[in-house]
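Everything below concerns the one structure shown next.
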Amino acid sequence: MRVRKHARAGAAAVALLLAAGAAPATAAPAPAHHLEGTLPSGATYVIDTPARWNGTLLLFSHGYRAAGEPNEAVDASDDATKKLLLAEGYALAGSSYATTGWAVEQAVPDQLATLDAFAGRVGPARRTLAWGESYGGLVTTALAERHPGRIDGSLSLCGLVQGGVANWNSTLDPAFALTTLLAPGSGIPLTGFTDAGAADRAAGRLGSVVSEAQRTAAGRARIALAAALHNIPGWTDPAQDRPAPHDHEAQQAAQYRVVSTMLLDAAFRRRQEAEHRAGGNMSWNTGVDYAAMLRRSAGYEEVKALYRKAGRSLGEDLRRLAGAPRITADPAAVRYMTRNIAFTGKLRTPQLDVHTTGDPLVPVQVEAAHRRAVTAAGAGGMLRQGFVDNAGHCTFTPAEQLAALHTVGRRVATGHWGDTSPGGLNQEARRSDPTTAARYLAFRPGPYPRPYDLAHPGDGQ
């Protein structure tokens, strides 16, 4: 096992150059290599090394892949960013994980085994930075919390840093609102799927109901209410114009597209796979006050406006939610999800989280949940967060990603964060890649609706 070394006297200046992507003067020329292999678990891995390695290894954790999808190993978020990182002298590595789906239990050891494979085939890294996007941001944060001796710093891009239990609770809420308000008495199940086919059939039934509801003003208001409980933003697609702040109809139309696709996929198909792993239902809504949750949501004003326009009573629908039969969790399944990924907040190496403000799949409010846990654990100095002004899930430019990686590298090299303001991050992004956009901005996410972490003993059923 590689153990991190303390910085020696005089090394900080050299390390700063390395973090910025410059190769050390003593680096011996070597040909670039592309290496592939198979881990003991059956997962595959890939390694790319540059002609002149700067001594830093970037361990990449990829995002969620559904059962049946191709499961190849990758070592960077996209080809353009990968090309720039290799040109700066970074070595790259990553694994496929042994299984698809909610595979945190397999992903973490597979990523550690990839570090071992790198050391055996290439040699020891001077420093290792873990990074990942979406579900891979969750894997990266798990590595940072559980194995700080194996990495020196980490970057989560659009990551599920709220943790597994919180994720599944928050995914349950909009599905519960949709069935209660749009399909009462339909018997559409929200948990306990026997197989993928059962989940698909339930998703199809609710999808048809949602599609029909979108035709009426009252239905659109109720879909907006469900979206607000998950904090789905009103601008979700960077290919479409950003709606004006008070164009609630355009905002709702964007949310409907997410609800009818991404949300239903997560709430049924992805849930079924996760329940199968956990051995039961790992989420609940017993004791949840949906009226209070709505008031805290970024979509509250939109929902009120759409209910007024439809001539419907928001209070009456909230009372229907309050009186509807609730869903309880299987304690063993909650224990599985907690064990395999609820965060403690105990960061021992620096981590930077970066999120788009218009993320429809992993809403930006997850960052408030992560900061809540890290602050409660007394590790606030180890965490910084940056926000990119764009819609979509993980829609970062190469410039924005390189700026984030350089920032983590400098923090590791110097022991100080330096300038992590939007201006500082944008300046670094423009320096790193002047050909793509730099859109960091000052932003403070609202509260996450259903936080759950191990730094707060009061979290739970």
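Just so we're on the same page: first chain in the structure tokens is A, next is B, and so on; residues restart at 1 for each chain, and ligands are numbered from 1 in the order they show up.
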Might you pull out every residue within 10 Å of Leu264 of chain A, with only C-alpha atoms counted and same-chain residues fewer than 4 positions away left off, and present them as a JSON list (two decimals) with N, CA and C atoms, in the first residue's frame?
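result-v2.json, freshly written:
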```json
[["chain", "number", "residue", "atom", "x", "y", "z"],
["A", 171, "THR", "N", -35.36, 10.67, -3.88],
["A", 171, "THR", "CA", -35.95, 10.17, -5.12],
["A", 171, "THR", "C", -37.36, 9.64, -4.89],
["A", 174, "PRO", "N", -40.72, 12.81, -4.90],
["A", 174, "PRO", "CA", -41.53, 13.24, -6.04],
["A", 174, "PRO", "C", -42.39, 12.14, -6.62],
["A", 175, "ALA", "N", -41.91, 10.89, -6.60],
["A", 175, "ALA", "CA", -42.73, 9.78, -7.09],
["A", 175, "ALA", "C", -43.97, 9.60, -6.21],
["A", 199, "ALA", "N", -40.42, -3.06, -12.27],
["A", 199, "ALA", "CA", -40.09, -1.65, -12.19],
["A", 199, "ALA", "C", -40.43, -0.93, -13.49],
["A", 200, "ASP", "N", -40.15, -1.57, -14.62],
["A", 200, "ASP", "CA", -40.46, -0.97, -15.92],
["A", 200, "ASP", "C", -41.97, -0.77, -16.09],
["A", 202, "ALA", "N", -44.22, -0.38, -13.71],
["A", 202, "ALA", "CA", -44.67, 0.70, -12.82],
["A", 202, "ALA", "C", -44.28, 2.05, -13.39],
["A", 203, "ALA", "N", -43.05, 2.15, -13.91],
["A", 203, "ALA", "CA", -42.60, 3.41, -14.52],
["A", 203, "ALA", "C", -43.46, 3.77, -15.72],
["A", 204, "GLY", "N", -43.81, 2.79, -16.52],
["A", 204, "GLY", "CA", -44.65, 3.05, -17.68],
["A", 204, "GLY", "C", -46.04, 3.53, -17.31],
["A", 206, "LEU", "N", -46.95, 5.11, -14.48],
["A", 206, "LEU", "CA", -46.89, 6.47, -13.96],
["A", 206, "LEU", "C", -46.52, 7.46, -15.06],
["A", 207, "GLY", "N", -45.66, 7.04, -15.98],
["A", 207, "GLY", "CA", -45.30, 7.91, -17.09],
["A", 207, "GLY", "C", -46.50, 8.30, -17.92],
["A", 258, "VAL", "N", -37.80, 16.39, -17.48],
["A", 258, "VAL", "CA", -36.95, 15.65, -16.55],
["A", 258, "VAL", "C", -37.76, 14.61, -15.78],
["A", 259, "VAL", "N", -38.92, 15.02, -15.27],
["A", 259, "VAL", "CA", -39.76, 14.10, -14.50],
["A", 259, "VAL", "C", -40.14, 12.88, -15.34],
["A", 260, "SER", "N", -40.48, 13.09, -16.60],
["A", 260, "SER", "CA", -40.97, 11.99, -17.44],
["A", 260, "SER", "C", -39.86, 11.11, -17.98],
["A", 268, "PHE", "N", -37.64, 4.23, -10.48],
["A", 268, "PHE", "CA", -38.13, 2.86, -10.68],
["A", 268, "PHE", "C", -37.01, 1.92, -11.11],
["A", 269, "ARG", "N", -36.43, 2.14, -12.27],
["A", 269, "ARG", "CA", -35.45, 1.18, -12.79],
["A", 269, "ARG", "C", -34.17, 1.15, -11.95],
["A", 270, "ARG", "N", -33.64, 2.32, -11.66],
["A", 270, "ARG", "CA", -32.42, 2.34, -10.84],
["A", 270, "ARG", "C", -32.71, 1.91, -9.40],
["A", 271, "ARG", "N", -33.87, 2.29, -8.91],
["A", 271, "ARG", "CA", -34.25, 1.87, -7.56],
["A", 271, "ARG", "C", -34.31, 0.35, -7.46]]
```
Helix (DSSP H, G or I) call set, DSSP backbone run, segment 226-295 of chain A, as a PyMOL selection string: chain A and resi 226-229+248-278+290-295
Contacts of segment 145-157 of chain A at 7 Å (only C-alpha atoms; same-chain gap of 5+ positions) as number ranges by chain: A: 2-4, 127-134, 137, 140, 346-355, 394, 405, 408, 412
Would you write out, as CSV, a table of all residues in segment 161-248 of chain A that have an atom no more than 8 Å from an atom of segment 291-308 of chain A, listing for each the closest atom pair and the distance in Å to one decimal, considering only C-alpha atoms and ordering rows by chain and rising residue number?
```
residue,atom,partner,partner_atom,distance
A:Ala217,CA,A:Leu306,CA,7.6
A:Ala218,CA,A:Tyr307,CA,6.9
A:Arg220,CA,A:Leu306,CA,7.6
A:Ala221,CA,A:Leu306,CA,5.1
A:Arg222,CA,A:Tyr307,CA,8.0
A:Ala224,CA,A:Val303,CA,5.9
A:Leu225,CA,A:Val303,CA,5.7
A:Ala227,CA,A:Gly299,CA,7.8
A:Ala228,CA,A:Gly299,CA,4.9
A:Leu229,CA,A:Leu294,CA,6.0
A:Asn231,CA,A:Ser297,CA,6.2
A:Ile232,CA,A:Gly299,CA,7.9
A:Pro233,CA,A:Gly299,CA,7.3
A:His246,CA,A:Glu302,CA,7.8
A:His248,CA,A:Glu302,CA,5.7
```
Long-range neighbours of segment 97-101 of chain A as a VMD selection string, 8 Å cut-off, only C-alpha atoms, 3 positions minimum in chain: chain A and resid 41 to 44 64 to 69 71 73 106 to 107 110 to 111 270 273 to 274
Keeping only all heavy atoms, take the residues you just selected and write them out as a compact mmCIF listing (two decimals), in the first residue's frame.
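Output saved as again.txt:
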```txt
# COMPACT_ATOMS: atom_id res chain seq x y z
N SER A 41 -11.07 -8.92 -9.23
CA SER A 41 -12.53 -8.96 -9.15
C SER A 41 -13.18 -9.24 -10.50
O SER A 41 -14.39 -9.50 -10.56
CB SER A 41 -13.04 -7.61 -8.64
OG SER A 41 -12.80 -6.60 -9.61
N GLY A 42 -12.41 -9.15 -11.57
CA GLY A 42 -12.97 -9.26 -12.91
C GLY A 42 -13.17 -7.91 -13.57
O GLY A 42 -13.44 -7.85 -14.78
N ALA A 43 -13.08 -6.83 -12.81
CA ALA A 43 -13.14 -5.49 -13.40
C ALA A 43 -11.92 -5.27 -14.30
O ALA A 43 -10.84 -5.81 -14.04
CB ALA A 43 -13.18 -4.43 -12.31
N THR A 44 -12.10 -4.46 -15.31
CA THR A 44 -10.97 -4.08 -16.15
C THR A 44 -10.45 -2.72 -15.71
O THR A 44 -11.16 -1.95 -15.05
CB THR A 44 -11.36 -4.04 -17.62
OG1 THR A 44 -12.44 -3.10 -17.79
CG2 THR A 44 -11.80 -5.41 -18.10
N TYR A 64 -22.68 6.34 -13.12
CA TYR A 64 -23.59 5.18 -13.05
C TYR A 64 -23.78 4.55 -14.42
O TYR A 64 -23.97 5.25 -15.42
CB TYR A 64 -24.93 5.64 -12.48
CG TYR A 64 -25.96 4.54 -12.32
CD1 TYR A 64 -26.06 3.84 -11.13
CD2 TYR A 64 -26.84 4.22 -13.35
CE1 TYR A 64 -27.01 2.84 -10.97
CE2 TYR A 64 -27.80 3.23 -13.20
CZ TYR A 64 -27.87 2.54 -12.00
OH TYR A 64 -28.81 1.56 -11.84
N ARG A 65 -23.78 3.23 -14.44
CA ARG A 65 -24.12 2.47 -15.63
C ARG A 65 -25.18 1.45 -15.27
O ARG A 65 -25.00 0.66 -14.33
CB ARG A 65 -22.88 1.77 -16.21
CG ARG A 65 -21.85 2.76 -16.73
CD ARG A 65 -20.57 2.07 -17.12
NE ARG A 65 -19.58 3.03 -17.58
CZ ARG A 65 -18.29 2.76 -17.74
NH1 ARG A 65 -17.83 1.53 -17.43
NH2 ARG A 65 -17.46 3.68 -18.17
N ALA A 66 -26.26 1.47 -16.00
CA ALA A 66 -27.37 0.57 -15.71
C ALA A 66 -27.01 -0.87 -16.07
O ALA A 66 -26.13 -1.12 -16.90
CB ALA A 66 -28.61 1.00 -16.48
N ALA A 67 -27.68 -1.80 -15.44
CA ALA A 67 -27.47 -3.21 -15.75
C ALA A 67 -27.69 -3.46 -17.23
O ALA A 67 -28.66 -2.98 -17.82
CB ALA A 67 -28.43 -4.07 -14.92
N GLY A 68 -26.78 -4.18 -17.83
CA GLY A 68 -26.87 -4.48 -19.25
C GLY A 68 -26.14 -3.52 -20.15
O GLY A 68 -25.94 -3.80 -21.34
N GLU A 69 -25.75 -2.36 -19.62
CA GLU A 69 -24.99 -1.40 -20.42
C GLU A 69 -23.54 -1.83 -20.53
O GLU A 69 -23.02 -2.55 -19.66
CB GLU A 69 -25.06 0.00 -19.79
CG GLU A 69 -26.41 0.67 -19.91
CD GLU A 69 -26.38 2.09 -19.37
OE1 GLU A 69 -25.36 2.47 -18.74
OE2 GLU A 69 -27.37 2.82 -19.56
N ASN A 71 -19.67 -1.87 -19.97
CA ASN A 71 -19.01 -1.53 -18.71
C ASN A 71 -17.49 -1.49 -18.91
O ASN A 71 -16.74 -2.22 -18.27
CB ASN A 71 -19.37 -2.56 -17.63
CG ASN A 71 -18.96 -2.08 -16.24
OD1 ASN A 71 -18.93 -0.88 -15.97
ND2 ASN A 71 -18.65 -3.03 -15.36
N ALA A 73 -13.67 0.20 -18.88
CA ALA A 73 -12.87 1.06 -18.01
C ALA A 73 -12.58 2.38 -18.73
O ALA A 73 -12.34 2.41 -19.93
CB ALA A 73 -11.56 0.37 -17.65
N GLN A 106 -18.42 -2.57 -4.72
CA GLN A 106 -17.37 -3.10 -5.58
C GLN A 106 -16.44 -2.01 -6.10
O GLN A 106 -15.24 -2.23 -6.31
CB GLN A 106 -18.00 -3.82 -6.79
CG GLN A 106 -18.73 -5.10 -6.45
CD GLN A 106 -20.10 -4.87 -5.83
OE1 GLN A 106 -20.75 -3.86 -6.10
NE2 GLN A 106 -20.53 -5.79 -4.98
N ALA A 107 -16.98 -0.82 -6.32
CA ALA A 107 -16.20 0.24 -6.95
C ALA A 107 -15.02 0.68 -6.11
O ALA A 107 -13.92 0.90 -6.64
CB ALA A 107 -17.10 1.44 -7.26
N ASP A 110 -12.19 -1.84 -6.18
CA ASP A 110 -11.65 -1.91 -7.54
C ASP A 110 -10.78 -0.70 -7.86
O ASP A 110 -9.75 -0.83 -8.53
CB ASP A 110 -12.78 -2.04 -8.55
CG ASP A 110 -13.37 -3.44 -8.60
OD1 ASP A 110 -12.69 -4.38 -8.16
OD2 ASP A 110 -14.51 -3.58 -9.06
N GLN A 111 -11.17 0.46 -7.38
CA GLN A 111 -10.35 1.64 -7.61
C GLN A 111 -9.03 1.55 -6.82
O GLN A 111 -7.97 1.96 -7.32
CB GLN A 111 -11.12 2.91 -7.24
CG GLN A 111 -12.26 3.24 -8.19
CD GLN A 111 -11.77 3.61 -9.58
OE1 GLN A 111 -11.41 2.75 -10.38
NE2 GLN A 111 -11.73 4.90 -9.87
N ARG A 270 -33.64 2.32 -11.66
CA ARG A 270 -32.42 2.34 -10.84
C ARG A 270 -32.71 1.91 -9.40
O ARG A 270 -31.89 1.26 -8.77
CB ARG A 270 -31.78 3.73 -10.87
CG ARG A 270 -31.29 4.14 -12.25
CD ARG A 270 -30.45 5.39 -12.19
NE ARG A 270 -30.06 5.83 -13.53
CZ ARG A 270 -29.13 6.75 -13.79
NH1 ARG A 270 -28.50 7.35 -12.78
NH2 ARG A 270 -28.84 7.09 -15.02
N GLU A 273 -32.69 -1.92 -9.04
CA GLU A 273 -31.35 -2.50 -8.98
C GLU A 273 -30.73 -2.27 -7.60
O GLU A 273 -30.13 -3.17 -7.01
CB GLU A 273 -30.47 -1.88 -10.07
CG GLU A 273 -29.16 -2.60 -10.33
CD GLU A 273 -28.06 -2.22 -9.34
OE1 GLU A 273 -28.13 -1.10 -8.77
OE2 GLU A 273 -27.14 -3.03 -9.15
N ALA A 274 -30.91 -1.08 -7.05
CA ALA A 274 -30.37 -0.78 -5.72
C ALA A 274 -31.07 -1.59 -4.64
O ALA A 274 -30.43 -2.08 -3.70
CB ALA A 274 -30.48 0.72 -5.43
```
Pairwise distance for atom CA of Leu190 of chain A and atom CA of Val334 of chain A, rounded to one decimal in Å: 16.3 Å
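Atom to atom, atom CA of Tyr440 of chain A and atom CA of His393 of chain A stand 15.3 Å apart.
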Neighbour list for Lys82 of chain A as a ChimeraX atom specification, cut-off 12 Å, only C-alpha atoms, skip fewer than 3 positions in-chain: /A:47-50,58,60,74-79,85-93,397-399,401-402
Same residues, N, CA and C atoms, saved as an mmCIF file, in the first residue's frame:
```cif
data_model
loop_
_atom_site.group_PDB
_atom_site.id
_atom_site.type_symbol
_atom_site.label_atom_id
_atom_site.label_comp_id
_atom_site.auth_asym_id
_atom_site.auth_seq_id
_atom_site.Cartn_x
_atom_site.Cartn_y
_atom_site.Cartn_z
ATOM 1 N N ILE A 47 -4.874 2.509 -18.077
ATOM 2 C CA ILE A 47 -3.862 3.468 -17.623
ATOM 3 C C ILE A 47 -3.318 4.180 -18.843
ATOM 4 N N ASP A 48 -3.202 5.493 -18.762
ATOM 5 C CA ASP A 48 -2.522 6.276 -19.799
ATOM 6 C C ASP A 48 -1.450 7.123 -19.142
ATOM 7 N N THR A 49 -0.246 7.040 -19.676
ATOM 8 C CA THR A 49 0.861 7.843 -19.156
ATOM 9 C C THR A 49 1.416 8.720 -20.272
ATOM 10 N N PRO A 50 1.843 9.935 -19.937
ATOM 11 C CA PRO A 50 2.372 10.850 -20.951
ATOM 12 C C PRO A 50 3.845 10.585 -21.227
ATOM 13 N N LEU A 58 -3.886 10.777 -11.628
ATOM 14 C CA LEU A 58 -5.296 11.117 -11.466
ATOM 15 C C LEU A 58 -6.117 9.839 -11.593
ATOM 16 N N PHE A 60 -9.597 8.227 -11.855
ATOM 17 C CA PHE A 60 -10.939 8.659 -12.245
ATOM 18 C C PHE A 60 -11.974 7.586 -11.931
ATOM 19 N N VAL A 74 -12.634 3.468 -17.979
ATOM 20 C CA VAL A 74 -12.268 4.787 -18.497
ATOM 21 C C VAL A 74 -11.413 5.486 -17.453
ATOM 22 N N ASP A 75 -10.575 6.422 -17.910
ATOM 23 C CA ASP A 75 -9.705 7.113 -16.957
ATOM 24 C C ASP A 75 -9.791 8.634 -17.052
ATOM 25 N N ALA A 76 -10.851 9.145 -17.665
ATOM 26 C CA ALA A 76 -11.081 10.592 -17.710
ATOM 27 C C ALA A 76 -12.537 10.844 -18.045
ATOM 28 N N SER A 77 -12.991 12.049 -17.820
ATOM 29 C CA SER A 77 -14.399 12.394 -18.004
ATOM 30 C C SER A 77 -14.791 12.499 -19.468
ATOM 31 N N ASP A 78 -13.890 12.948 -20.324
ATOM 32 C CA ASP A 78 -14.165 13.091 -21.747
ATOM 33 C C ASP A 78 -12.839 13.176 -22.486
ATOM 34 N N ASP A 79 -12.891 12.969 -23.793
ATOM 35 C CA ASP A 79 -11.654 12.887 -24.577
ATOM 36 C C ASP A 79 -10.894 14.209 -24.616
ATOM 37 N N LEU A 85 -5.025 16.897 -20.146
ATOM 38 C CA LEU A 85 -4.351 16.410 -18.944
ATOM 39 C C LEU A 85 -3.065 15.664 -19.302
ATOM 40 N N LEU A 86 -3.110 14.842 -20.337
ATOM 41 C CA LEU A 86 -1.890 14.135 -20.754
ATOM 42 C C LEU A 86 -0.847 15.120 -21.263
ATOM 43 N N ALA A 87 -1.287 16.166 -21.950
ATOM 44 C CA ALA A 87 -0.344 17.171 -22.430
ATOM 45 C C ALA A 87 0.322 17.911 -21.277
ATOM 46 N N GLU A 88 -0.373 18.030 -20.155
ATOM 47 C CA GLU A 88 0.203 18.681 -18.975
ATOM 48 C C GLU A 88 1.087 17.743 -18.170
ATOM 49 N N GLY A 89 1.129 16.477 -18.534
ATOM 50 C CA GLY A 89 2.040 15.551 -17.876
ATOM 51 C C GLY A 89 1.431 14.676 -16.816
ATOM 52 N N TYR A 90 0.110 14.679 -16.679
ATOM 53 C CA TYR A 90 -0.534 13.818 -15.698
ATOM 54 C C TYR A 90 -0.619 12.384 -16.216
ATOM 55 N N ALA A 91 -0.523 11.423 -15.312
ATOM 56 C CA ALA A 91 -0.861 10.033 -15.608
ATOM 57 C C ALA A 91 -2.306 9.797 -15.185
ATOM 58 N N LEU A 92 -3.005 8.954 -15.939
ATOM 59 C CA LEU A 92 -4.425 8.730 -15.723
ATOM 60 C C LEU A 92 -4.699 7.247 -15.521
ATOM 61 N N ALA A 93 -5.662 6.937 -14.648
ATOM 62 C CA ALA A 93 -6.042 5.544 -14.424
ATOM 63 C C ALA A 93 -7.491 5.485 -13.982
ATOM 64 N N THR A 397 -16.972 22.298 -18.991
ATOM 65 C CA THR A 397 -15.993 22.384 -20.063
ATOM 66 C C THR A 397 -14.658 21.817 -19.594
ATOM 67 N N PRO A 398 -13.780 21.467 -20.545
ATOM 68 C CA PRO A 398 -12.424 21.071 -20.134
ATOM 69 C C PRO A 398 -11.736 22.142 -19.287
ATOM 70 N N ALA A 399 -11.929 23.406 -19.623
ATOM 71 C CA ALA A 399 -11.293 24.481 -18.856
ATOM 72 C C ALA A 399 -11.739 24.449 -17.402
ATOM 73 N N GLN A 401 -12.903 21.906 -15.691
ATOM 74 C CA GLN A 401 -12.395 20.716 -15.015
ATOM 75 C C GLN A 401 -10.912 20.858 -14.683
ATOM 76 N N LEU A 402 -10.130 21.374 -15.627
ATOM 77 C CA LEU A 402 -8.703 21.552 -15.348
ATOM 78 C C LEU A 402 -8.480 22.552 -14.225
#
```
